[in-house]
Amino acid sequence: MDNKPFKSSQKPGGNKRAGMKNAGFIALLVLFGLVIFASVRQPDSLKSVPFSDVITRANKGEIKKITIKGNNLTVTPKDADKPTEKSYKEAGSSIYEQGLTNRTVEVDPQAESNGSSFWLSLASGVIPVILISAVLFFMLRSAQGQGNQAMSFGKSKARLYGNEKDKVTFKDIAGSEEAKVDLQEVVEFLKFPKKFESVGAKIPKGVLLVGPPGTGKTMLARAVAGEADTPFFSISGSEFVEMFVGVGASRVRDLFAKAKKNAPCIIFIDEIDAVGRKRGSGMGGGHDEREQTLNQILVEMDGFEQGTNVIVLAATNRSDVLDSALLRPGRFDRRVNIDLPDRKDREAILKIHFKKKPLAKGVDLDALAAKSAGSSGADLANIANESAIIAARNSRKEITSGDVTSAFEKVAIGPERKTKVMSEHDKEMTAYHEAGHAIVGHVMPHSDMVHKVTIIPRGGTGGVTWFIPPEDKSYHSIVEYKDILARMLGGRIAEEVVYGRDHVTTGAGSDLQKAAELARDMIINQGMGNKLQDQVFHIDEGMMMERMMHEKQYSDETAKVIDDEVEALITEAATRARAVIKANKKSLDALKDLLIEKETVEADEVLKVLKDATLPTTV
């Protein structure tokens, strides 16, 4: 939804000021032009002679023409084609009365243009003065503007919303029903504060929205403001912090002052972890600009007078790094968890995003919601937008099921790279690799179902074997993780079985990395090891310097045991995958041949080819 801000962040005089600067630049150019013109203008080359000498020579017949303008004379000698001399006669009488007797001399009286000469002299004297004054004025004006900008450096950059025609409300947001219930109380606080104050209840000062990226935290905050019909100040945590100490604290004070003037209202701080991280990390000392800004936020939230009716909403996906003083009661009194949407919520979100898009008959949004487990609201919005783009690219007026499927696969696993040319050997090896993933995942009892297998490069991979869970899962067991590990190693083991250990390729690099990460997570974070059962070794995921400053929570001997446990899981997974592939070599070859022929094989075709694949009794 396009919500225009209540007040534009652009200064209203910005364009005017830019135009004045351009005018000053043009005036400066004109001034330079006049100076250059004056320096290169040709001086008067006529020779000045006495009037008596002109009369004497004219009477002797040595002058051909005399041009008269007022009392000014220009003289053309008999042997010249243009005037070469100038002179001046007395006023009040003609040249004949002053001694000219030779009537053969051509006398050309002309009207005197005293006005133009006056204005030319005036212009040449006044225009440079005006231009210099204008240039100085614009320079001073510009300097004054920069001074004003420096004075406003400590002002808050929060954008104020609340005057939009189409406000966001809870009905515009699908899913997150539990979060809506919690936030509905905030709306009640803002709309009917007297109802709560009459029974001694205090309005909460802060509400912290916690959830993965793209789950709609900002939209929910906007919906609270829309439901309560109150102004909404929006700012990012990073906008408080500058390189100059004290600027962030000044902006915090200015923001809360504006909010109190516009009460009842909402302050929304997005990505508050940028400024609200734990203090005392050893980075920057006690005079760290970020810590000063955080201290000012704590003071301002404590300083809310009862009845100001200002609520602070903050959003983050890293609540574990926030300072404890920020999370205590009296600061952020409430915490609202916004999780990834489940299947029902995903379908509702898809319907909202496809509401204004022309869908063809037969497009099943429920099926799309089923196979998009783990997608956030932003991911689903991206799928809807990509579907419309694909339909428009193919000059269709409606979005078809094929467009939706292509968009989902593009968002989930990357775009197809059909232009990449593969040799026959590389194509065969890729087919064996992907078939190995598919067979191991197909026969393992706790693995997800095969959705699609392709040897067309997508994103950064040479091919893709795609598994999708039949339903949303909140928990995973050890046997599920072990089957996933075996499935991840199926591609590398298939290459080893077919071509030999010395001919395995780098195509399994990504698979091996993900398998190692999953195995290490099982041991360190989930307590799923054999020797380290039910023991968790937390590793701080903060900044590198913070990790270096904190002492490791386990000894070097324990680290060696962790490495051994991870190695044991990877070795076991490879052994199981090898047993499956060797026992189903015929099915592996059949799926390889089908992939080379069709390049992309859907789930139903995979099931037909692998109908005889079985799980060995030794696995």
# chains A, B, ... in the order shown; residues from 1 in each chain; ligands from 1
$ select_by_dssp --residues "segment 165-274 of chain A" --states "strand (DSSP E)" --output "PyMOL selection string"
chain A and resi 206-210+232-236+265-270
$ write_last_selection --atoms "N, CA and C atoms" --output "short mmCIF file (atom, residue, chain, number, x, y, z; two decimals), in the first residue's frame"
data_model
loop_
_atom_site.label_atom_id
_atom_site.label_comp_id
_atom_site.auth_asym_id
_atom_site.auth_seq_id
_atom_site.Cartn_x
_atom_site.Cartn_y
_atom_site.Cartn_z
N GLY A 206 6.00 1.05 26.14
CA GLY A 206 6.66 0.49 24.97
C GLY A 206 6.18 -0.90 24.65
N VAL A 207 6.14 -1.22 23.36
CA VAL A 207 5.78 -2.56 22.88
C VAL A 207 6.85 -2.99 21.90
N LEU A 208 7.46 -4.13 22.15
CA LEU A 208 8.54 -4.63 21.30
C LEU A 208 7.99 -5.73 20.39
N LEU A 209 8.12 -5.50 19.08
CA LEU A 209 7.70 -6.48 18.07
C LEU A 209 8.92 -7.30 17.66
N VAL A 210 8.86 -8.60 17.89
CA VAL A 210 10.00 -9.48 17.62
C VAL A 210 9.58 -10.53 16.60
N PHE A 232 1.77 9.03 13.59
CA PHE A 232 2.69 7.89 13.62
C PHE A 232 4.06 8.38 13.20
N PHE A 233 4.99 8.47 14.17
CA PHE A 233 6.37 8.86 13.86
C PHE A 233 7.17 7.59 13.56
N SER A 234 7.78 7.54 12.40
CA SER A 234 8.55 6.36 12.00
C SER A 234 10.00 6.75 11.78
N ILE A 235 10.92 5.96 12.38
CA ILE A 235 12.35 6.22 12.24
C ILE A 235 13.09 4.90 12.42
N SER A 236 14.24 4.79 11.78
CA SER A 236 15.08 3.61 11.93
C SER A 236 16.10 3.87 13.04
N CYS A 265 -0.10 9.71 20.24
CA CYS A 265 0.58 9.30 19.02
C CYS A 265 1.45 8.08 19.29
N ILE A 266 2.06 7.58 18.22
CA ILE A 266 2.91 6.39 18.30
C ILE A 266 4.28 6.74 17.74
N ILE A 267 5.32 6.34 18.45
CA ILE A 267 6.68 6.41 17.94
C ILE A 267 7.09 4.99 17.53
N PHE A 268 7.48 4.82 16.28
CA PHE A 268 7.90 3.49 15.82
C PHE A 268 9.39 3.54 15.47
N ILE A 269 10.18 2.72 16.16
CA ILE A 269 11.62 2.64 15.93
C ILE A 269 11.90 1.28 15.29
N ASP A 270 12.20 1.30 14.01
CA ASP A 270 12.49 0.05 13.30
C ASP A 270 13.95 -0.32 13.51
#
$ residues_around --residues "segment 489-494 of chain A" --least-positions-apart "3" --cutoff "7 Å" --atoms "only C-alpha atoms" --output "MDAnalysis selection string"
chainID A and resid 432:434 436:437 440 485:486 497:498 504 508 511:512 574 577:578 581
$ atom_distance --atom1 "atom CA of Ile311 of chain A" --atom2 "atom CA of Gly214 of chain A"
23.0 Å
$ residues_around --residues "Asn530 of chain A" --least-positions-apart "6" --cutoff "10 Å" --atoms "only C-alpha atoms" --output "list in words"
Ile523, Glu565, Ala568 and Leu569 of chain A
$ atom_distance --atom1 "atom CA of Val105 of chain A" --atom2 "atom CA of Ser52 of chain A"
15.5 Å
$ residues_around --residues "segment 71-77 of chain A" --least-positions-apart "6" --cutoff "8 Å" --atoms "only C-alpha atoms" --output "PDB file with N, CA and C atoms, in the first residue's frame"
ATOM      1  N   VAL A  54      42.513  71.695 -39.129  1.00  0.00           N
ATOM      2  CA  VAL A  54      41.529  71.080 -40.026  1.00  0.00           C
ATOM      3  C   VAL A  54      41.034  72.115 -41.048  1.00  0.00           C
ATOM      4  N   GLU A  62      43.131  69.522 -49.014  1.00  0.00           N
ATOM      5  CA  GLU A  62      43.751  68.271 -48.552  1.00  0.00           C
ATOM      6  C   GLU A  62      42.774  67.369 -47.808  1.00  0.00           C
ATOM      7  N   ILE A  63      41.566  67.836 -47.626  1.00  0.00           N
ATOM      8  CA  ILE A  63      40.564  67.024 -46.896  1.00  0.00           C
ATOM      9  C   ILE A  63      39.383  66.763 -47.814  1.00  0.00           C
ATOM     10  N   LYS A  64      38.958  65.515 -47.839  1.00  0.00           N
ATOM     11  CA  LYS A  64      37.864  65.112 -48.716  1.00  0.00           C
ATOM     12  C   LYS A  64      36.504  65.236 -48.032  1.00  0.00           C
ATOM     13  N   LYS A  65      36.401  64.892 -46.728  1.00  0.00           N
ATOM     14  CA  LYS A  65      35.080  64.867 -46.085  1.00  0.00           C
ATOM     15  C   LYS A  65      35.233  65.171 -44.605  1.00  0.00           C
ATOM     16  N   PRO A  83      37.526  57.915 -42.087  1.00  0.00           N
ATOM     17  CA  PRO A  83      38.088  58.934 -41.189  1.00  0.00           C
ATOM     18  C   PRO A  83      39.341  58.419 -40.480  1.00  0.00           C
ATOM     19  N   THR A  84      40.319  59.306 -40.340  1.00  0.00           N
ATOM     20  CA  THR A  84      41.563  58.974 -39.626  1.00  0.00           C
ATOM     21  C   THR A  84      41.860  59.967 -38.520  1.00  0.00           C
ATOM     22  N   GLU A  85      41.089  61.104 -38.471  1.00  0.00           N
ATOM     23  CA  GLU A  85      41.353  62.136 -37.484  1.00  0.00           C
ATOM     24  C   GLU A  85      40.041  62.623 -36.873  1.00  0.00           C
ATOM     25  N   LYS A  86      40.154  63.242 -35.722  1.00  0.00           N
ATOM     26  CA  LYS A  86      38.982  63.831 -35.066  1.00  0.00           C
ATOM     27  C   LYS A  86      39.376  65.182 -34.478  1.00  0.00           C
ATOM     28  N   SER A  87      38.331  66.009 -34.336  1.00  0.00           N
ATOM     29  CA  SER A  87      38.572  67.344 -33.802  1.00  0.00           C
ATOM     30  C   SER A  87      37.277  67.892 -33.222  1.00  0.00           C
ATOM     31  N   TYR A  88      37.325  69.083 -32.660  1.00  0.00           N
ATOM     32  CA  TYR A  88      36.164  69.682 -32.019  1.00  0.00           C
ATOM     33  C   TYR A  88      36.065  71.153 -32.422  1.00  0.00           C
ATOM     34  N   LYS A  89      34.850  71.605 -32.750  1.00  0.00           N
ATOM     35  CA  LYS A  89      34.641  73.011 -33.126  1.00  0.00           C
ATOM     36  C   LYS A  89      33.941  73.736 -31.989  1.00  0.00           C
ATOM     37  N   GLU A  90      33.918  75.064 -32.097  1.00  0.00           N
ATOM     38  CA  GLU A  90      33.226  75.864 -31.096  1.00  0.00           C
ATOM     39  C   GLU A  90      31.722  75.732 -31.261  1.00  0.00           C
ATOM     40  N   ALA A  91      31.020  75.755 -30.158  1.00  0.00           N
ATOM     41  CA  ALA A  91      29.564  75.650 -30.197  1.00  0.00           C
ATOM     42  C   ALA A  91      28.938  76.991 -30.550  1.00  0.00           C
TER      43      ALA A  91
END
